[in-house]
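Report on one structure; see the data block that follows.
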Amino acid sequence: MALFGTLVNGALILVGSLLGLLFTKIPERYKETVMHGIGLAVVLIGLQMAFSTQVIVVVLLSLLSGAIIGELLDVEGKLNQFGNWIGSRIKTNASKESFSQGFVTASLIFVVGAMAIIGALDSGIRGDHEVLITKGILDGFTALVLTTTLGAGVALSVIPVLLYQGTIALLATQIERWVPEVFLNGLIIELTAVGGLLIVAIGLNMLKVVQIRIGNLLPSIITVGIVYYIYQLI
């Protein structure tokens with residue numbers, strides 16, 4: 001079953017989020033320090049991924065083109081609107097803004113990463129769900145900690161996780177018919193690097209070093225495929 005790993009991943013995020021709701025009474029200074037710790041770890045993870053690139057110009061052009069598309073579509077604004085809309089319809093002690101922040105932050109952390117892509121590809125191509133189950137365990141612990149600081153919105157991140165990883169897994173069942181293995185391996189490396197930089201941006205936002213509109217950079221996850229394909233033709 002191609003979707004087994006994705007479903008397990010989603011279930012563990014929900015479990016972590018529900019457990020996190022039990023610890024929301026933690027003093028604010030504890031939450032702030034925990035968030036700083038998570039932010040530092042997220043930056044480190046992102047840098048490790050970003051340094052995997054073999055063609056830096058592909059990463060740069062992907063981010064530039066993705067940023068332009070993201071600003072034109074106002075992806076960040078639409079994500080926040082969606083999070084606020086859901087938050088206004090769910091009974092929670094957190095504000096709509098806090099709910100939206102939890103949803104957007106958790107979604108980006110869980111979706112943008114090498115394990116999400118590689119794990120979904122493994123599930124679809126080889127029926128091997130080990131990577132996604134491992135990712136699910138990590139995501140569950142992360143969801144628990146994030147929920148204690150950002151609230152119930154974190155649980156909603158399971159929706160983009162299921163859609164994103166599920167789509168990749170289903171497409172991967174047929175991908176070997178369309179994409180040569182050498183091209184696919186190279187694309188995954190550059191996609192991982194682009195995703196890594198987005199994760200670095202998430203960490204910087206969590207540390208409040210700068211406020212980056214990460215949602216408006218998300219289209220770079222798609223444009224990297226186009227840029228890499230053009231690069232291979234040159």
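We name chains A, B, ... following the order of the structure tokens; residues begin at 1 in each chain, and ligands are numbered from 1 as shown.
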Spatial neighbours of Val104 of chain A, max dist 9 Å, only C-alpha atoms, sep filter under 3 positions, as a VMD selection string
chain A and resid 76 79 to 80 83 99 to 101 107 to 109 153 to 154 157 215
Could you list, as a VMD selection string, every residue within 10 Å of segment 194-209 of chain A, counting only C-alpha atoms and ignoring same-chain residues fewer than 4 positions away?
chain A and resid 32 to 33 35 to 53 56 58 to 60 62 to 63 105 to 106 108 to 114 188 to 190 213 to 215 217 to 218 220 to 221 224
Grab the residues selected above and save them as a compact mmCIF listing (two decimals), in the first residue's frame with N, CA and C atoms.
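That gives us again_0.txt:
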# COMPACT_ATOMS: atom_id res chain seq x y z
N GLU A 32 9.21 29.92 25.71
CA GLU A 32 10.09 30.75 24.88
C GLU A 32 11.46 30.10 24.71
N THR A 33 12.00 29.58 25.81
CA THR A 33 13.32 28.94 25.73
C THR A 33 13.26 27.67 24.89
N MET A 35 11.18 27.10 22.44
CA MET A 35 11.05 27.52 21.04
C MET A 35 12.40 27.94 20.48
N HIS A 36 13.21 28.60 21.30
CA HIS A 36 14.55 28.99 20.84
C HIS A 36 15.40 27.74 20.56
N GLY A 37 15.27 26.75 21.42
CA GLY A 37 16.00 25.50 21.19
C GLY A 37 15.57 24.81 19.92
N ILE A 38 14.26 24.76 19.69
CA ILE A 38 13.74 24.16 18.46
C ILE A 38 14.21 24.96 17.25
N GLY A 39 14.17 26.29 17.37
CA GLY A 39 14.59 27.14 16.26
C GLY A 39 16.03 26.89 15.87
N LEU A 40 16.91 26.76 16.87
CA LEU A 40 18.33 26.48 16.59
C LEU A 40 18.50 25.12 15.91
N ALA A 41 17.75 24.12 16.38
CA ALA A 41 17.83 22.78 15.78
C ALA A 41 17.32 22.80 14.35
N VAL A 42 16.25 23.55 14.11
CA VAL A 42 15.68 23.66 12.77
C VAL A 42 16.67 24.31 11.81
N VAL A 43 17.37 25.35 12.27
CA VAL A 43 18.39 26.01 11.45
C VAL A 43 19.49 25.01 11.09
N LEU A 44 19.94 24.23 12.06
CA LEU A 44 21.00 23.24 11.81
C LEU A 44 20.56 22.20 10.79
N ILE A 45 19.34 21.70 10.95
CA ILE A 45 18.81 20.71 9.99
C ILE A 45 18.75 21.31 8.59
N GLY A 46 18.27 22.55 8.50
CA GLY A 46 18.16 23.20 7.20
C GLY A 46 19.51 23.40 6.53
N LEU A 47 20.51 23.80 7.32
CA LEU A 47 21.86 24.01 6.77
C LEU A 47 22.45 22.71 6.26
N GLN A 48 22.27 21.64 7.02
CA GLN A 48 22.77 20.33 6.59
C GLN A 48 22.17 19.94 5.25
N MET A 49 20.88 20.20 5.08
CA MET A 49 20.22 19.88 3.82
C MET A 49 20.70 20.80 2.70
N ALA A 50 20.82 22.10 3.00
CA ALA A 50 21.21 23.08 1.98
C ALA A 50 22.60 22.81 1.43
N PHE A 51 23.52 22.35 2.29
CA PHE A 51 24.90 22.10 1.87
C PHE A 51 25.02 20.88 0.96
N SER A 52 23.93 20.16 0.74
CA SER A 52 23.98 18.98 -0.13
C SER A 52 23.98 19.35 -1.61
N THR A 53 23.68 20.62 -1.93
CA THR A 53 23.57 21.03 -3.33
C THR A 53 24.87 20.77 -4.11
N ILE A 56 24.78 25.17 -7.26
CA ILE A 56 24.24 26.27 -6.49
C ILE A 56 23.38 27.20 -7.34
N VAL A 58 21.27 26.42 -9.60
CA VAL A 58 19.91 25.86 -9.66
C VAL A 58 19.12 26.27 -8.42
N VAL A 59 19.77 26.20 -7.27
CA VAL A 59 19.13 26.59 -6.02
C VAL A 59 18.76 28.08 -6.05
N LEU A 60 19.71 28.90 -6.49
CA LEU A 60 19.49 30.34 -6.53
C LEU A 60 18.35 30.71 -7.47
N SER A 62 15.97 28.84 -8.57
CA SER A 62 14.72 28.25 -8.08
C SER A 62 14.08 29.15 -7.02
N LEU A 63 14.92 29.65 -6.10
CA LEU A 63 14.42 30.54 -5.06
C LEU A 63 13.93 31.87 -5.63
N THR A 105 3.57 27.21 10.55
CA THR A 105 4.91 26.81 10.98
C THR A 105 5.07 25.30 10.95
N ALA A 106 4.11 24.58 11.55
CA ALA A 106 4.20 23.12 11.59
C ALA A 106 4.12 22.52 10.19
N LEU A 108 5.08 23.78 7.33
CA LEU A 108 6.34 23.97 6.61
C LEU A 108 7.44 23.05 7.16
N ILE A 109 7.49 22.91 8.48
CA ILE A 109 8.52 22.04 9.07
C ILE A 109 8.32 20.59 8.63
N PHE A 110 7.06 20.12 8.64
CA PHE A 110 6.78 18.72 8.35
C PHE A 110 6.82 18.40 6.85
N VAL A 111 6.48 19.39 6.02
CA VAL A 111 6.38 19.14 4.58
C VAL A 111 7.69 19.38 3.85
N VAL A 112 8.37 20.49 4.18
CA VAL A 112 9.57 20.86 3.44
C VAL A 112 10.77 20.13 4.02
N GLY A 113 11.21 19.10 3.35
CA GLY A 113 12.36 18.36 3.84
C GLY A 113 12.66 17.14 3.00
N ALA A 114 13.88 16.65 3.15
CA ALA A 114 14.32 15.51 2.36
C ALA A 114 13.54 14.25 2.72
N ILE A 188 16.44 15.29 -6.74
CA ILE A 188 16.19 15.15 -5.31
C ILE A 188 17.25 15.90 -4.50
N ILE A 189 18.50 15.86 -4.97
CA ILE A 189 19.58 16.56 -4.26
C ILE A 189 19.33 18.06 -4.24
N GLU A 190 18.98 18.63 -5.40
CA GLU A 190 18.75 20.08 -5.47
C GLU A 190 17.45 20.46 -4.78
N ARG A 213 8.82 35.89 4.69
CA ARG A 213 7.54 35.38 4.20
C ARG A 213 7.80 34.02 3.52
N ILE A 214 7.92 33.00 4.32
CA ILE A 214 8.32 31.68 3.82
C ILE A 214 7.29 31.12 2.85
N GLY A 215 6.01 31.38 3.13
CA GLY A 215 4.97 30.87 2.24
C GLY A 215 5.15 31.34 0.81
N LEU A 217 7.87 31.78 -0.63
CA LEU A 217 9.03 31.10 -1.23
C LEU A 217 8.71 29.65 -1.58
N LEU A 218 7.55 29.16 -1.14
CA LEU A 218 7.19 27.76 -1.37
C LEU A 218 7.16 27.34 -2.84
N SER A 220 9.17 27.71 -5.00
CA SER A 220 10.52 27.28 -5.41
C SER A 220 10.65 25.76 -5.34
N ILE A 221 9.83 25.11 -4.52
CA ILE A 221 9.84 23.65 -4.45
C ILE A 221 9.40 23.05 -5.78
N VAL A 224 12.13 24.38 -8.88
CA VAL A 224 13.43 23.72 -8.92
C VAL A 224 13.43 22.60 -9.95
List as a list in words the protein and nucleic acid residues near Gly16 of chain A, meaning an atom at most 9 Å away when only C-alpha atoms are counted, but skip any in the same chain fewer than 6 places from it.
Ile137, Asp139, Gly140, Phe141, Thr142, Ala143, Leu144, Val145, Thr147 and Ala155 of chain A
Next, write the just-selected residues to a file, as an mmCIF file, in the first residue's frame, keeping C-alpha atoms as the atom set.
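Okay, again_29.cif is ready:
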data_model
loop_
_atom_site.group_PDB
_atom_site.id
_atom_site.type_symbol
_atom_site.label_atom_id
_atom_site.label_comp_id
_atom_site.auth_asym_id
_atom_site.auth_seq_id
_atom_site.Cartn_x
_atom_site.Cartn_y
_atom_site.Cartn_z
ATOM 1 C CA ILE A 137 8.180 9.570 15.051
ATOM 2 C CA ASP A 139 7.297 14.774 13.608
ATOM 3 C CA GLY A 140 5.238 13.467 16.514
ATOM 4 C CA PHE A 141 7.763 14.692 19.082
ATOM 5 C CA THR A 142 8.113 18.002 17.224
ATOM 6 C CA ALA A 143 4.328 18.408 17.093
ATOM 7 C CA LEU A 144 4.133 17.806 20.844
ATOM 8 C CA VAL A 145 6.628 20.578 21.595
ATOM 9 C CA THR A 147 1.676 22.526 20.304
ATOM 10 C CA ALA A 155 -2.617 19.526 14.540
#
Give me, as JSON, numbers by chain, all polymer residues having an atom no more than 9 Å from Gly10 of chain A, counting only C-alpha atoms and skipping those fewer than 3 positions away in the same chain.
{"A": [5, 6, 7, 13, 14, 15, 136, 139, 140, 157, 158, 159, 161, 162]}
Between atom CA of Pro219 of chain A and atom CA of Gly70 of chain A, what is the distance in Å, rounded to a tenth?
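That distance, rounded to one decimal, is 5.9 Å.
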Between atom CA of Leu61 of chain A and atom CA of Ala120 of chain A, measure the distance and give it in Å to one decimal.
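Computing the Euclidean distance for atom CA of Leu61 of chain A and atom CA of Ala120 of chain A yields 25.4 Å.
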